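Here's the structure, in structure tokens; my notes come after.
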Amino acid sequence: MPLITPFAGLRPKQEFAEDVVAPPYDVLNTAEARQRVKGRPRSFLHISKPEIDLPEGTDPFDAAVYAKGAENLNNLVTEGVLFRDSSPCYYVYKLVMGEHEQFGLVAAASVADYDTNRIRKHEFTRPEKEDDRVRQIDALNAQTGPVFLTYRHNKRIDDIVSEVCKTTPEYDLTADDGVQHTIWVVNDSDLIDTITSTFDAMDCLYIADGHHRSAAASRVAAQRRSKAADKKGEASYDYFLSVIFPDNQMQILDYNRVISDLNGLDNDTFLQKVAENFDIEASETAVKPGQAKTFGMYLAGQWYQLTLKAALYPADDPVARLDVSLLQNYLITPVLGIDDPRRDKRIDFVGGIRGLQELEKRVDSGEMKVAFALYPTSLDALMAVADADEVMPPKSTWFEPKLADGLVSLVLD
């Protein structure tokens, strides 16, 4: 079984692509999705968040929601909005956000290689979120949310992608958030074979985003395999939908923290305790860290730059030396008393796409007491954690731009 394989994608006809394209299911809440689909009956949100077509207050995990998603998907196929390619293809996917652009490959990635950690992970998953994705895949009999993968860049793949992008794209559209999505279909058999063999020669791939989707695909494959024990050869459920980008084109933004109280401390005492592990310097402007091991802190209308004292830098541990770990281990846990950032309700996380003004807003409103701005985790650091078969702290990475839903889906035959 190859590391990746082409597949016959389910996708919109060209004239419907702008109507169909939608943000990922997990970046909008139900209310935002209801607002987004007004006047857009073909939006893929009707499939990825089908509770929007049921009465307000419907539990998004109710069985009726998954059934509605399947009904909506079938309707788009029946109406001719979506169609399936006649033969297996790869798809080149270009994303542009502002001055940043990246070129990836839409492919079906091997569940077996995920199970053996050749497709490497760096996050824990939550059972309830896995369960949701399993039920969604089973109901649709398709994978509609791609897993975001990365690999150490490869000149042969770069050259192929560059040549493909000289041809006319299948889709070229700009979504509501200003991100441009361009897709080319790769159906030349020689190119397909070269792409497959080149990736198969790689040591591994890395999950950037989509741990719950890939874990759910693995569970679905195991369940279906057990029910078809006499089936020979590969099945479509032995793969999961992915978009794979080279590491040198990826963009990771900061993932910041806000805390609701100072653990019973007044501001002066809190600052004194922070100073035990960090050098503190007040700043007249917002502090966006320019290098690792420095942090911005916003407290009582004042920004500070924090620099971890050099004697505390861990040397060899790929997890402990992450900035998110340093802040957690030397400030958030010992000073603020938050031991489990996954479950403690006193901490929240703010993606860097929202800017430092969002941190100021959360604190100035009184909702939060203190905010921390972090330097983005590097992709090399992510890969080092995954290579060591370790797990990163929660909310360590924020990738931008986001992939769209609805442009290419993987049907499970």
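Naming works like this for the structure tokens: A, B, ... for the chains as they're shown, residue 1 at the start of each chain, ligands 1 onward in shown order.
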Hey, what does DSSP flag as strand (DSSP E or B) within stretch 62-222 of chain A? Can you give it to me as a compact mmCIF listing (two decimals) with C-alpha atoms, in the first residue's frame?
# COMPACT_ATOMS: atom_id res chain seq x y z
CA LEU A 82 -21.32 17.90 -7.36
CA PHE A 83 -19.88 15.21 -9.61
CA ARG A 84 -17.20 12.56 -9.32
CA CYS A 89 -6.49 11.94 -9.91
CA TYR A 90 -4.26 14.07 -7.79
CA TYR A 91 -5.12 17.75 -7.38
CA VAL A 92 -2.68 20.64 -6.93
CA TYR A 93 -4.05 23.12 -4.39
CA LYS A 94 -2.68 26.69 -4.16
CA LEU A 95 -3.53 28.89 -1.19
CA VAL A 96 -2.86 32.64 -1.13
CA MET A 97 -3.38 34.83 1.93
CA HIS A 100 1.86 34.39 1.49
CA GLU A 101 1.28 31.53 -0.95
CA GLN A 102 1.72 27.77 -0.70
CA PHE A 103 1.25 24.86 -3.09
CA GLY A 104 0.01 21.48 -1.93
CA LEU A 105 -1.26 18.18 -3.25
CA VAL A 106 -4.72 16.78 -2.58
CA ALA A 107 -4.26 13.03 -2.14
CA ALA A 108 -5.57 9.99 -0.33
CA ALA A 109 -3.11 9.13 2.48
CA SER A 110 -2.58 5.64 3.83
CA ILE A 119 2.33 9.56 9.12
CA ARG A 120 3.38 11.17 12.36
CA ALA A 142 -17.33 10.12 2.44
CA GLN A 143 -14.50 12.13 3.93
CA VAL A 147 -6.26 16.47 6.95
CA PHE A 148 -3.48 19.07 6.66
CA LEU A 149 -0.16 17.21 6.15
CA THR A 150 3.40 18.38 5.58
CA TYR A 151 6.68 16.84 4.41
CA TYR A 171 -11.04 26.41 -9.91
CA ASP A 172 -9.72 29.83 -9.02
CA LEU A 173 -11.81 31.64 -6.42
CA THR A 174 -11.53 33.90 -3.42
CA GLN A 180 -7.60 32.60 -2.68
CA HIS A 181 -8.09 28.91 -3.48
CA THR A 182 -6.85 27.56 -6.82
CA ILE A 183 -7.00 23.91 -7.88
CA TRP A 184 -5.59 22.01 -10.85
CA VAL A 185 -6.57 18.44 -11.75
CA VAL A 186 -3.65 16.03 -12.33
CA LEU A 205 4.66 12.66 6.50
CA TYR A 206 3.58 14.85 9.41
CA ILE A 207 0.10 15.89 10.51
CA ALA A 208 -0.02 19.66 10.80
CA ASP A 209 -3.74 19.94 11.53
Write out as a CSV table (one decimal) with C-alpha atoms, in the first residue's frame which residues come within 8 Å of A:Val21 when counting only C-alpha atoms, dropping same-chain ones fewer than 4 positions away.
chain,number,residue,atom,x,y,z
A,17,ALA,CA,-17.6,26.1,-7.1
A,43,SER,CA,-22.8,26.0,0.6
A,44,PHE,CA,-20.9,23.0,1.9
A,175,ALA,CA,-13.5,32.9,-0.3
A,404,ALA,CA,-11.6,25.1,2.4
A,405,ASP,CA,-14.3,22.4,2.6
A,406,GLY,CA,-16.2,21.2,-0.4
A,407,LEU,CA,-13.7,21.6,-3.2
Item to complete: Among the residues of stretch 91-315 of chain A, find those DSSP assigns to helix (DSSP H, G or I) from the backbone and print them as a VMD selection string.
Response: chain A and resid 111 to 115 127 to 140 155 to 164 189 to 200 211 to 227 236 to 238 247 to 249 267 to 274 310 to 312
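Once A:Gln357 and its same-chain neighbours fewer than 3 positions away are set aside, Asn256, Thr285, Ala286, Val287, Lys288, Tyr298, Gly301, Trp303, Val350, Gly351, Gly352, Ile353, Arg354, Glu360, Lys361, Arg362, Val363, Asp364, Ser365, Ala371, Phe372 and Ala373 of chain A remain within 12 Å of it when counting only C-alpha atoms.
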Discussion item. I'd like the neighbourhood of stretch 23-31 of chain A as a VMD selection string, where a residue qualifies if any of its atoms comes within 7 Å (using only C-alpha atoms), though same-chain residues fewer than 2 positions away should be ignored.
Written reply: chain A and resid 33 to 35 48 to 49 52 403 to 405
Please produce a file of those selected residues containing C-alpha atoms, as an mmCIF file, in the first residue's frame.
data_model
loop_
_atom_site.group_PDB
_atom_site.id
_atom_site.type_symbol
_atom_site.label_atom_id
_atom_site.label_comp_id
_atom_site.auth_asym_id
_atom_site.auth_seq_id
_atom_site.Cartn_x
_atom_site.Cartn_y
_atom_site.Cartn_z
ATOM 1 C CA ALA A 33 -22.663 29.088 10.120
ATOM 2 C CA ARG A 34 -26.394 29.885 10.024
ATOM 3 C CA GLN A 35 -25.536 33.483 9.210
ATOM 4 C CA SER A 48 -20.299 19.972 7.294
ATOM 5 C CA LYS A 49 -22.580 21.702 9.854
ATOM 6 C CA ILE A 52 -28.061 24.744 10.611
ATOM 7 C CA LEU A 403 -8.087 24.767 3.778
ATOM 8 C CA ALA A 404 -11.577 25.061 2.350
ATOM 9 C CA ASP A 405 -14.262 22.394 2.613
#
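Of the residues under consideration (A:Leu73, A:Ala229, A:Leu379, A:Leu322), A:Leu322 shows the shortest atom-to-atom contact distance to A:Pro394 when counting only C-alpha atoms.
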Within 12 Å of A:Glu234 using only C-alpha atoms, minus same-chain residues under 6 positions, as a PDB file with N, CA and C atoms, in the first residue's frame:
ATOM      1  N   MET A   1       0.851  -1.192   0.000  1.00  0.00           N
ATOM      2  CA  MET A   1       0.000   0.000   0.000  1.00  0.00           C
ATOM      3  C   MET A   1       0.883   1.238   0.000  1.00  0.00           C
ATOM      4  N   PRO A   2       0.749   2.123  -1.004  1.00  0.00           N
ATOM      5  CA  PRO A   2       1.604   3.313  -1.065  1.00  0.00           C
ATOM      6  C   PRO A   2       1.255   4.319   0.030  1.00  0.00           C
ATOM      7  N   THR A   5      -2.073   7.953  -2.551  1.00  0.00           N
ATOM      8  CA  THR A   5      -2.605   7.443  -3.807  1.00  0.00           C
ATOM      9  C   THR A   5      -3.582   8.454  -4.397  1.00  0.00           C
ATOM     10  N   SER A 110      -2.414   7.003   3.341  1.00  0.00           N
ATOM     11  CA  SER A 110      -2.583   5.637   3.830  1.00  0.00           C
ATOM     12  C   SER A 110      -2.939   5.574   5.308  1.00  0.00           C
ATOM     13  N   VAL A 111      -4.058   4.926   5.625  1.00  0.00           N
ATOM     14  CA  VAL A 111      -4.415   4.683   7.019  1.00  0.00           C
ATOM     15  C   VAL A 111      -3.396   3.755   7.675  1.00  0.00           C
ATOM     16  N   ALA A 112      -2.916   2.760   6.931  1.00  0.00           N
ATOM     17  CA  ALA A 112      -1.927   1.824   7.498  1.00  0.00           C
ATOM     18  C   ALA A 112      -0.670   2.568   7.921  1.00  0.00           C
ATOM     19  N   ALA A 221     -11.866   2.796   9.083  1.00  0.00           N
ATOM     20  CA  ALA A 221     -11.215   1.750   8.293  1.00  0.00           C
ATOM     21  C   ALA A 221     -11.182   0.433   9.064  1.00  0.00           C
ATOM     22  N   ARG A 224     -14.718  -1.096   9.158  1.00  0.00           N
ATOM     23  CA  ARG A 224     -15.172  -1.618   7.868  1.00  0.00           C
ATOM     24  C   ARG A 224     -14.345  -2.826   7.442  1.00  0.00           C
ATOM     25  N   ARG A 225     -13.080  -2.823   7.787  1.00  0.00           N
ATOM     26  CA  ARG A 225     -12.234  -3.964   7.472  1.00  0.00           C
ATOM     27  C   ARG A 225     -12.710  -5.208   8.209  1.00  0.00           C
ATOM     28  N   ALA A 228     -15.568  -6.808   6.547  1.00  0.00           N
ATOM     29  CA  ALA A 228     -15.306  -7.334   5.203  1.00  0.00           C
ATOM     30  C   ALA A 228     -13.995  -8.105   5.219  1.00  0.00           C
ATOM     31  N   LEU A 412     -16.220   6.944  -0.016  1.00  0.00           N
ATOM     32  CA  LEU A 412     -15.848   5.596   0.424  1.00  0.00           C
ATOM     33  C   LEU A 412     -16.718   4.585  -0.312  1.00  0.00           C
ATOM     34  N   ASP A 413     -16.115   3.866  -1.239  1.00  0.00           N
ATOM     35  CA  ASP A 413     -16.867   2.887  -2.037  1.00  0.00           C
ATOM     36  C   ASP A 413     -17.209   1.658  -1.188  1.00  0.00           C
TER      37      ASP A 413
END
Discussion item. So that I can check the surroundings of A:Ser189, please list as a ChimeraX atom specification every protein, DNA and RNA residue that reaches within 12 Å of it, counting only C-alpha atoms and ignoring chain neighbours fewer than 4 positions away.
Written reply: /A:6,87-90,185,193-196
Worksheet entry | Contacts of stretch 293-296 of chain A at 12 Å (only C-alpha atoms; same-chain gap of 4+ positions) as a VMD selection string | chain A and resid 254 to 258 274 277 to 289 302 to 314 320 to 328 330 to 331 356 359 to 360 370 to 377
Requested write-out: N, CA and C atoms of the selected residues, as a short mmCIF file (atom, residue, chain, number, x, y, z; two decimals), in the first residue's frame:
data_model
loop_
_atom_site.label_atom_id
_atom_site.label_comp_id
_atom_site.auth_asym_id
_atom_site.auth_seq_id
_atom_site.Cartn_x
_atom_site.Cartn_y
_atom_site.Cartn_z
N ASP A 254 1.33 32.55 15.83
CA ASP A 254 1.35 32.40 17.28
C ASP A 254 -0.02 31.90 17.76
N TYR A 255 0.02 31.21 18.91
CA TYR A 255 -1.21 30.75 19.56
C TYR A 255 -1.11 31.23 21.00
N ASN A 256 -1.89 32.27 21.32
CA ASN A 256 -1.70 33.02 22.55
C ASN A 256 -2.63 32.57 23.66
N ARG A 257 -2.36 33.02 24.89
CA ARG A 257 -3.09 32.59 26.08
C ARG A 257 -3.70 33.78 26.81
N VAL A 258 -4.91 33.58 27.34
CA VAL A 258 -5.53 34.55 28.24
C VAL A 258 -6.02 33.80 29.48
N VAL A 274 6.49 36.33 38.91
CA VAL A 274 6.92 36.14 37.52
C VAL A 274 8.41 36.43 37.39
N ASN A 277 11.47 33.79 37.47
CA ASN A 277 11.93 32.99 36.33
C ASN A 277 12.13 33.80 35.05
N PHE A 278 11.65 35.04 35.03
CA PHE A 278 11.71 35.85 33.82
C PHE A 278 12.27 37.22 34.13
N ASP A 279 13.04 37.76 33.17
CA ASP A 279 13.38 39.17 33.21
C ASP A 279 12.18 39.94 32.65
N ILE A 280 11.78 41.01 33.33
CA ILE A 280 10.56 41.75 32.96
C ILE A 280 10.94 43.17 32.57
N GLU A 281 10.41 43.61 31.43
CA GLU A 281 10.64 44.98 30.98
C GLU A 281 9.32 45.56 30.50
N ALA A 282 8.91 46.67 31.11
CA ALA A 282 7.67 47.33 30.69
C ALA A 282 7.84 47.90 29.29
N SER A 283 6.76 47.93 28.52
CA SER A 283 6.80 48.42 27.15
C SER A 283 5.68 49.42 26.92
N GLU A 284 5.98 50.47 26.16
CA GLU A 284 4.96 51.47 25.84
C GLU A 284 4.06 51.01 24.70
N THR A 285 4.46 49.96 24.00
CA THR A 285 3.67 49.44 22.88
C THR A 285 3.40 47.95 23.10
N ALA A 286 2.46 47.42 22.35
CA ALA A 286 2.14 46.00 22.43
C ALA A 286 3.38 45.17 22.07
N VAL A 287 3.57 44.07 22.77
CA VAL A 287 4.76 43.24 22.61
C VAL A 287 4.42 41.99 21.80
N LYS A 288 4.91 41.96 20.58
CA LYS A 288 4.82 40.76 19.73
C LYS A 288 6.22 40.14 19.71
N PRO A 289 6.42 39.01 20.37
CA PRO A 289 7.77 38.47 20.49
C PRO A 289 8.45 38.27 19.14
N GLN A 302 -1.15 47.47 30.78
CA GLN A 302 0.29 47.65 30.56
C GLN A 302 0.88 46.41 29.87
N TRP A 303 1.68 46.64 28.82
CA TRP A 303 2.41 45.55 28.18
C TRP A 303 3.80 45.40 28.80
N TYR A 304 4.24 44.16 28.90
CA TYR A 304 5.59 43.83 29.38
C TYR A 304 6.22 42.83 28.42
N GLN A 305 7.54 42.91 28.29
CA GLN A 305 8.27 41.83 27.63
C GLN A 305 8.89 40.94 28.68
N LEU A 306 8.64 39.63 28.58
CA LEU A 306 9.23 38.66 29.48
C LEU A 306 10.29 37.87 28.73
N THR A 307 11.43 37.68 29.35
CA THR A 307 12.49 36.86 28.77
C THR A 307 12.87 35.80 29.78
N LEU A 308 12.73 34.54 29.40
CA LEU A 308 13.06 33.45 30.32
C LEU A 308 14.55 33.50 30.66
N LYS A 309 14.87 33.34 31.93
CA LYS A 309 16.27 33.38 32.37
C LYS A 309 17.03 32.21 31.75
N ALA A 310 18.21 32.49 31.22
CA ALA A 310 18.95 31.53 30.41
C ALA A 310 19.23 30.23 31.14
N ALA A 311 19.41 30.28 32.43
CA ALA A 311 19.74 29.06 33.18
C ALA A 311 18.61 28.05 33.15
N LEU A 312 17.41 28.48 32.77
CA LEU A 312 16.26 27.60 32.79
C LEU A 312 16.00 26.93 31.44
N TYR A 313 16.78 27.27 30.40
CA TYR A 313 16.53 26.69 29.08
C TYR A 313 16.79 25.18 29.12
N PRO A 314 15.81 24.36 28.79
CA PRO A 314 16.07 22.92 28.68
C PRO A 314 16.88 22.62 27.42
N ALA A 320 9.80 20.03 26.13
CA ALA A 320 10.05 20.99 27.20
C ALA A 320 10.64 22.30 26.69
N ARG A 321 11.34 22.26 25.53
CA ARG A 321 11.97 23.50 25.05
C ARG A 321 11.05 24.33 24.17
N LEU A 322 9.83 23.86 23.91
CA LEU A 322 8.86 24.67 23.17
C LEU A 322 8.47 25.89 24.01
N ASP A 323 8.23 27.01 23.36
CA ASP A 323 7.82 28.21 24.10
C ASP A 323 6.52 27.99 24.86
N VAL A 324 5.59 27.25 24.26
CA VAL A 324 4.33 26.99 24.97
C VAL A 324 4.60 26.20 26.25
N SER A 325 5.58 25.30 26.23
CA SER A 325 5.94 24.53 27.43
C SER A 325 6.64 25.40 28.45
N LEU A 326 7.55 26.26 27.98
CA LEU A 326 8.28 27.13 28.90
C LEU A 326 7.34 28.05 29.66
N LEU A 327 6.40 28.66 28.95
CA LEU A 327 5.44 29.54 29.61
C LEU A 327 4.58 28.75 30.59
N GLN A 328 4.17 27.56 30.18
CA GLN A 328 3.34 26.73 31.04
C GLN A 328 4.11 26.30 32.29
N TYR A 330 6.97 27.42 33.67
CA TYR A 330 7.65 28.40 34.52
C TYR A 330 6.77 29.56 34.95
N LEU A 331 5.52 29.60 34.47
CA LEU A 331 4.64 30.70 34.87
C LEU A 331 3.20 30.24 35.09
N LEU A 356 -2.85 41.10 18.39
CA LEU A 356 -2.66 41.42 19.81
C LEU A 356 -3.82 42.24 20.36
N LEU A 359 -6.13 40.26 22.43
CA LEU A 359 -5.68 40.03 23.80
C LEU A 359 -6.03 41.24 24.68
N GLU A 360 -5.75 42.43 24.16
CA GLU A 360 -6.10 43.63 24.92
C GLU A 360 -7.60 43.70 25.18
N VAL A 370 -5.14 38.56 32.58
CA VAL A 370 -3.81 38.70 32.03
C VAL A 370 -3.76 37.92 30.71
N ALA A 371 -2.94 38.43 29.77
CA ALA A 371 -2.79 37.77 28.47
C ALA A 371 -1.31 37.60 28.17
N PHE A 372 -1.00 36.55 27.40
CA PHE A 372 0.37 36.27 27.01
C PHE A 372 0.44 36.08 25.50
N ALA A 373 1.38 36.80 24.87
CA ALA A 373 1.65 36.65 23.44
C ALA A 373 2.90 35.81 23.27
N LEU A 374 2.86 34.83 22.38
CA LEU A 374 3.97 33.89 22.21
C LEU A 374 4.59 34.02 20.82
N TYR A 375 5.83 33.60 20.71
CA TYR A 375 6.49 33.47 19.42
C TYR A 375 5.99 32.18 18.77
N PRO A 376 5.72 32.17 17.46
CA PRO A 376 5.15 30.96 16.84
C PRO A 376 6.07 29.75 16.97
N THR A 377 5.48 28.61 17.20
CA THR A 377 6.21 27.34 17.17
C THR A 377 6.72 27.10 15.76
#
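Here atom CA of A:Arg42 stands at a distance of 7.9 Å from atom CA of A:Val81.
Closest approach to A:Lys13 from the set A:Ala275, A:Ile157, A:Met392, A:Leu76 is made by A:Leu76, with distances taken over only C-alpha atoms.
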Practice prompt. Provide the atom CA of A:Val164 to atom CA of A:Asp113 distance in Å, to one decimal place.
Written response: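 Spanning atom CA of A:Val164 to atom CA of A:Asp113 is a straight-line distance of 27.3 Å.
Take atom CA of A:Arg36 and atom CA of A:Met250: the distance between them is 27.6 Å.
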Discussion item. So, with only C-alpha atoms as the atoms that count, which of A:Lys231, A:Lys395, A:Arg219, A:His212 lies closest to A:Pro146?
Written reply: A:His212
